[in-house]
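Report on one structure; see the data block that follows.
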Amino acid sequence: MSEESVLPRIRPEIAALPAYRQGRQASPDAFKLSSNENPFEPLPGVLDAVRATGAFNRYPDATASRLRERLAARYGVSPDEVHVAAGSVSILAQLLLATSGPGDEVVYAWRSFEAYPSLVAVSGATSVQVPLTADARHDLPAMAAAITDRTRLVIVCSPNNPTGPTVGYDEFAAFVDAVPRDVLIVLDEAYAEFVTDAASVEGGRVRAVLARPNIVMLRTFSKAYGLAGLRVGYAIGHTRVLDAARSTAIPLSVTAAGEAAALASLDVESELLHRVSVIAERRDRLVDRLRESGWGVPDAQGNFVWLAAGERTLEVAAAFEEAGLIVRPFAGDGIRISIGEEESLDRVVEVAAATAPRRTGP
C-alpha cells in the first residue's frame with residue numbers, strides 16, 4: 001500500500017455526511033429562486049456603512065457589542081442575553097455542541113431545514129425526526145412524545161423551511177409546558193419578518209410571556225434584511241445558555257462589515273417593512289395562482305412556497321429549469337420556490353400549471 005493511499009481517519013458518521021448543497025446559481029437570463037434570498041438590493045445606507053469599514057487589517061469586535069446592545073434594546077433584554085454570530089445556523093451549531101454529544105438525542109420535525117441532520121451528526125448526537133402533519137406542519141404533540149431522558153435539544157422551525165407553515169403561539173406554549181425544563185428548545189425564526197398570520201408564534205413574545213430559561217430564539221439578517229452575503233445572525237436567550245454557545249464559537253467570525261451593515265439595516269425599519277410587505281403580498285398571490293393551477297400548496301408564511309411533488313420532484317424541477325427558473329428540489333419530497341422578482345411569477349405559474357398533478361374524478 002502506497003503512502004498516498006493511506007488517509008487520516010475520519011469519523012464514520014462524518015465521512016457519510018453529504019456536504020451542504022447550496023441553491024444553484026442562475027444564468028443572467030434566468031431567475032434564481034433556489035436560496036430564499038431577498039430580491040431587493042441592500043437597504044438604504046447599508047453600502048455606505050460597509051464602505052466605511054475599510055480597516056481590513058484590523059480584527060473586528062469579537063462580540064459585535066454595538067449590534068448586541070442595539071438588539072438588546074429592541075427586545076428589552078440585557079446585551080448578555082444576545083449572541084451574534086455568522087448566521088443563525090452558526091449559533092444552532094454552537095448550541096448543539098454545547099448541549100449534545102454521543103448518546104444524546106436531538107428532536108426536530110422532518111422535513112425541515114436540511115442542515116439540521118448534518119449539524120446534529122457533527123455534534124455526535126442522534127437525530128430524532130418527527131414527521132410533519134398531512135398539511136406540512138409541525139406535529140408538536142408527537143415531538144413532545146418523542147422526548148426521552150436522552151433528549152438534550154429540540155428544534156422548532158417557524159415558518160418551517162421548506163414547507164412554509166408556522167407554529168401557532170398557543171400550541172407552542174402548550175408544547176413548552178410538555179418539555180422538561182432541562183431540555184433546550186430552539187425556536188428557529190429565520191423567516192419571522194415575513195409572517196402575516198397573527199396567531200403564529202413570535203420569539204420576542206415567547207420570551208416575555210413564558211419567561212423560560214430553556215428557550216432560545218434564533219433570527220437572521222440574511223433573509224428579510226437582505227444581508228445573505230455578509231452572514232449575520234443572532235440569538236436571544238438566557239445568559240448562561242448563550243455563554244455556553246459563545247464558548248464553542250469560532251472567534252471573530254462576524255466581520256466589521258457585517259456588523260455595520262446590520263446596524264445600518266436596523267436604522268431603516270420603515271423601508272424594511274415596506275419591502276417585506278411587497279414580498280408577502282407577492283407570495284400570497286403566487287400561492288393562490290398555484291392552487292388554481294392544481295397544486296395543493298401549504299400555508300406559506302416565509303418568502304417561499306412549497307410544491308409537494310413527491311416522486312416527480314426531479315422531473316418537475318427540470319421543467320422549471322428548462323424555463324429559466326432555478327428552484328430547490330428535495331428529491332422524493334417536493335420543490336421549494338423562493339419569492340423573487342415580480343417578473344418571475346407568470347413564468348412560475350406557467351410551468352406549475354403544465355406540471356400540476358393530474359386530477360381524478362369529476
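In the C-alpha cells, chains take the letters A, B, ... in the order shown, each chain's residues start at 1, and ligands count up from 1 in the order shown.
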Report the closest atom pair, with its distance in Å rounded to one decimal, for each residue of range 322-352 of chain A that has an atom no farther than 10 Å from range 35-47 of chain A; count only C-alpha atoms, sort by chain and then rising residue number, and write it as JSON lines.
{"residue": "A:Ile326", "atom": "CA", "partner": "A:Ser35", "partner_atom": "CA", "distance": 9.3}
{"residue": "A:Val327", "atom": "CA", "partner": "A:Ser35", "partner_atom": "CA", "distance": 8.0}
{"residue": "A:Arg328", "atom": "CA", "partner": "A:Ser35", "partner_atom": "CA", "distance": 7.3}
{"residue": "A:Arg336", "atom": "CA", "partner": "A:Asn36", "partner_atom": "CA", "distance": 8.8}
{"residue": "A:Ile337", "atom": "CA", "partner": "A:Asn36", "partner_atom": "CA", "distance": 7.8}
{"residue": "A:Ser338", "atom": "CA", "partner": "A:Asn36", "partner_atom": "CA", "distance": 4.8}
{"residue": "A:Ile339", "atom": "CA", "partner": "A:Asn36", "partner_atom": "CA", "distance": 7.1}
{"residue": "A:Gly340", "atom": "CA", "partner": "A:Pro39", "partner_atom": "CA", "distance": 5.3}
{"residue": "A:Glu341", "atom": "CA", "partner": "A:Pro39", "partner_atom": "CA", "distance": 6.0}
{"residue": "A:Glu342", "atom": "CA", "partner": "A:Pro39", "partner_atom": "CA", "distance": 9.4}
Emit the selected residues as a tab-separated table (two decimals), in the first residue's frame, including C-alpha atoms.
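Final file, again_28.tsv:
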chain	number	residue	atom	x	y	z
A	326	ILE	CA	-33.75	27.76	-10.80
A	327	VAL	CA	-35.72	26.20	-7.93
A	328	ARG	CA	-34.73	24.00	-4.99
A	336	ARG	CA	-39.22	24.99	-2.73
A	337	ILE	CA	-39.64	28.14	-4.82
A	338	SER	CA	-38.36	31.42	-3.43
A	339	ILE	CA	-40.34	34.60	-3.95
A	340	GLY	CA	-38.25	36.58	-6.39
A	341	GLU	CA	-38.81	39.36	-8.86
A	342	GLU	CA	-42.36	40.25	-9.88
Exercise for the section: List every residue of range 33-267 of chain A that DSSP, applied to the backbone of this structure, places in strand (DSSP E), and write the result as a ChimeraX atom specification. Expected result: /A:82-85,105-110,126-131,151-157,184-188,215-220,233-236
Exercise for the section: Considering only C-alpha atoms, return as a ChimeraX atom specification whatever protein or nucleic-acid residues lie within 9 Å of Ala331 in chain A, sequence-local ones (same chain, fewer than 3 positions apart) excluded. Expected result: /A:309-314,334-335
Those selected residues, please, written with all heavy atoms and delivered as a tab-separated table (two decimals), in the first residue's frame.
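The result, stored in result-v6.tsv:
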chain	number	residue	atom	x	y	z
A	309	ALA	N	-44.21	17.62	-4.72
A	309	ALA	CA	-44.17	16.86	-5.97
A	309	ALA	C	-43.87	15.38	-5.77
A	309	ALA	O	-44.01	14.59	-6.70
A	309	ALA	CB	-43.13	17.48	-6.92
A	310	GLY	N	-43.40	15.00	-4.57
A	310	GLY	CA	-43.15	13.60	-4.29
A	310	GLY	C	-42.16	12.96	-5.24
A	310	GLY	O	-41.09	13.51	-5.50
A	311	GLU	N	-42.52	11.82	-5.78
A	311	GLU	CA	-41.61	11.09	-6.67
A	311	GLU	C	-41.33	11.85	-7.97
A	311	GLU	O	-40.36	11.54	-8.67
A	311	GLU	CB	-42.20	9.71	-6.98
A	311	GLU	CG	-42.28	8.79	-5.77
A	311	GLU	CD	-42.84	7.43	-6.12
A	311	GLU	OE1	-43.24	7.23	-7.30
A	311	GLU	OE2	-42.88	6.55	-5.23
A	312	ARG	N	-42.15	12.82	-8.29
A	312	ARG	CA	-41.97	13.59	-9.53
A	312	ARG	C	-41.07	14.81	-9.32
A	312	ARG	O	-40.91	15.63	-10.24
A	312	ARG	CB	-43.33	14.05	-10.06
A	312	ARG	CG	-44.27	12.93	-10.45
A	312	ARG	CD	-45.61	13.50	-10.89
A	312	ARG	NE	-45.45	14.40	-12.03
A	312	ARG	CZ	-45.99	15.63	-12.09
A	312	ARG	NH1	-46.67	16.11	-11.07
A	312	ARG	NH2	-45.82	16.38	-13.17
A	313	THR	N	-40.50	14.96	-8.14
A	313	THR	CA	-39.78	16.19	-7.80
A	313	THR	C	-38.72	16.56	-8.82
A	313	THR	O	-38.68	17.69	-9.31
A	313	THR	CB	-39.16	16.06	-6.40
A	313	THR	OG1	-40.22	16.05	-5.43
A	313	THR	CG2	-38.22	17.22	-6.10
A	314	LEU	N	-37.83	15.65	-9.14
A	314	LEU	CA	-36.74	15.98	-10.05
A	314	LEU	C	-37.25	16.26	-11.46
A	314	LEU	O	-36.72	17.14	-12.17
A	314	LEU	CB	-35.69	14.87	-10.05
A	314	LEU	CG	-35.00	14.61	-8.71
A	314	LEU	CD1	-33.95	13.52	-8.84
A	314	LEU	CD2	-34.38	15.89	-8.15
A	334	GLY	N	-40.36	17.28	-2.54
A	334	GLY	CA	-41.00	18.42	-3.17
A	334	GLY	C	-40.02	19.49	-3.60
A	334	GLY	O	-38.80	19.29	-3.57
A	335	ILE	N	-40.58	20.62	-3.99
A	335	ILE	CA	-39.80	21.72	-4.54
A	335	ILE	C	-40.11	23.00	-3.79
A	335	ILE	O	-41.28	23.35	-3.59
A	335	ILE	CB	-40.13	21.92	-6.04
A	335	ILE	CG1	-39.74	20.67	-6.83
A	335	ILE	CG2	-39.44	23.16	-6.60
A	335	ILE	CD1	-40.29	20.67	-8.24
Exercise for the section: Please report, as a PyMOL selection string, each residue of range 70-269 of chain A to which DSSP assigns helix (DSSP H, G or I) when run on this structure's backbone. Expected result: chain A and resi 70-75+79-81+88-99+115-123+140-145+169-178+192-194+203-210+239-248+256-266+269
Exercise for the section: Identify, on the basis of only C-alpha atoms, every residue whose closest approach to Val50 in chain A does not exceed 12 Å; exclude the query and any residue fewer than 3 positions from it along the same chain; express the result as a VMD selection string. Expected result: chain A and resid 42 to 47 53 to 56 227 230 255 to 265
Practice task
Find the residues around range 81-94 of chain A up to 8 Å (only C-alpha atoms counted), leave out those fewer than 6 positions away in its own chain, and share them as number ranges by chain.
Solution key: A: 63-64, 67-68, 71-72, 119-120, 123, 186, 190, 218-222, 230-239, 242, 245-246, 248-249, 253-254
Practice task
Could you jot down the CA of Arg283 in chain A to CA of Val305 in chain A separation for me, Å, one decimal place?
Solution key: 7.4 Å
Handout entry: d(CA of Ile185 in chain A, CA of Leu140 in chain A) in Å
Key =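 Pair CA of Ile185 in chain A / CA of Leu140 in chain A returns 12.2 Å.
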Could you produce a table of the residues of range 232-339 of chain A lying within 7 Å of range 161-178 of chain A, with the nearest pair of atoms per residue and their separation in Å rounded to one decimal, using only C-alpha atoms, ordered by chain and increasing residue number, as a tab-separated table?
residue	atom	partner	partner_atom	distance
A:Pro298	CA	A:Gly164	CA	6.7
A:Asp299	CA	A:Pro165	CA	5.1
A:Ala300	CA	A:Gly164	CA	4.4
A:Gln301	CA	A:Gly164	CA	5.5
A:Gly302	CA	A:Gly164	CA	5.8
A:Phe304	CA	A:Gly164	CA	7.0
A:Val305	CA	A:Gly164	CA	6.4
A:Trp306	CA	A:Thr163	CA	5.2
A:Arg336	CA	A:Pro162	CA	6.0
Practice task
Would you list the contacts of range 145-149 of chain A as a list in words, taking every protein, DNA or RNA residue within 12 Å and counting only C-alpha atoms, but skipping same-chain residues closer than 4 positions in sequence?
Solution key: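 My reading of the contact set: Gly103, Asp104, Glu105, Val106, Val107, Tyr108, Ala109, Ser127, Val128, Gln129, Val130, Pro131, Asp139, Leu140, Pro141, Leu153, Val154, Ile155, Phe175, Ala178, Val179, Pro180, Arg181, Asp182, Val183, Leu184 and Ile185 of chain A.
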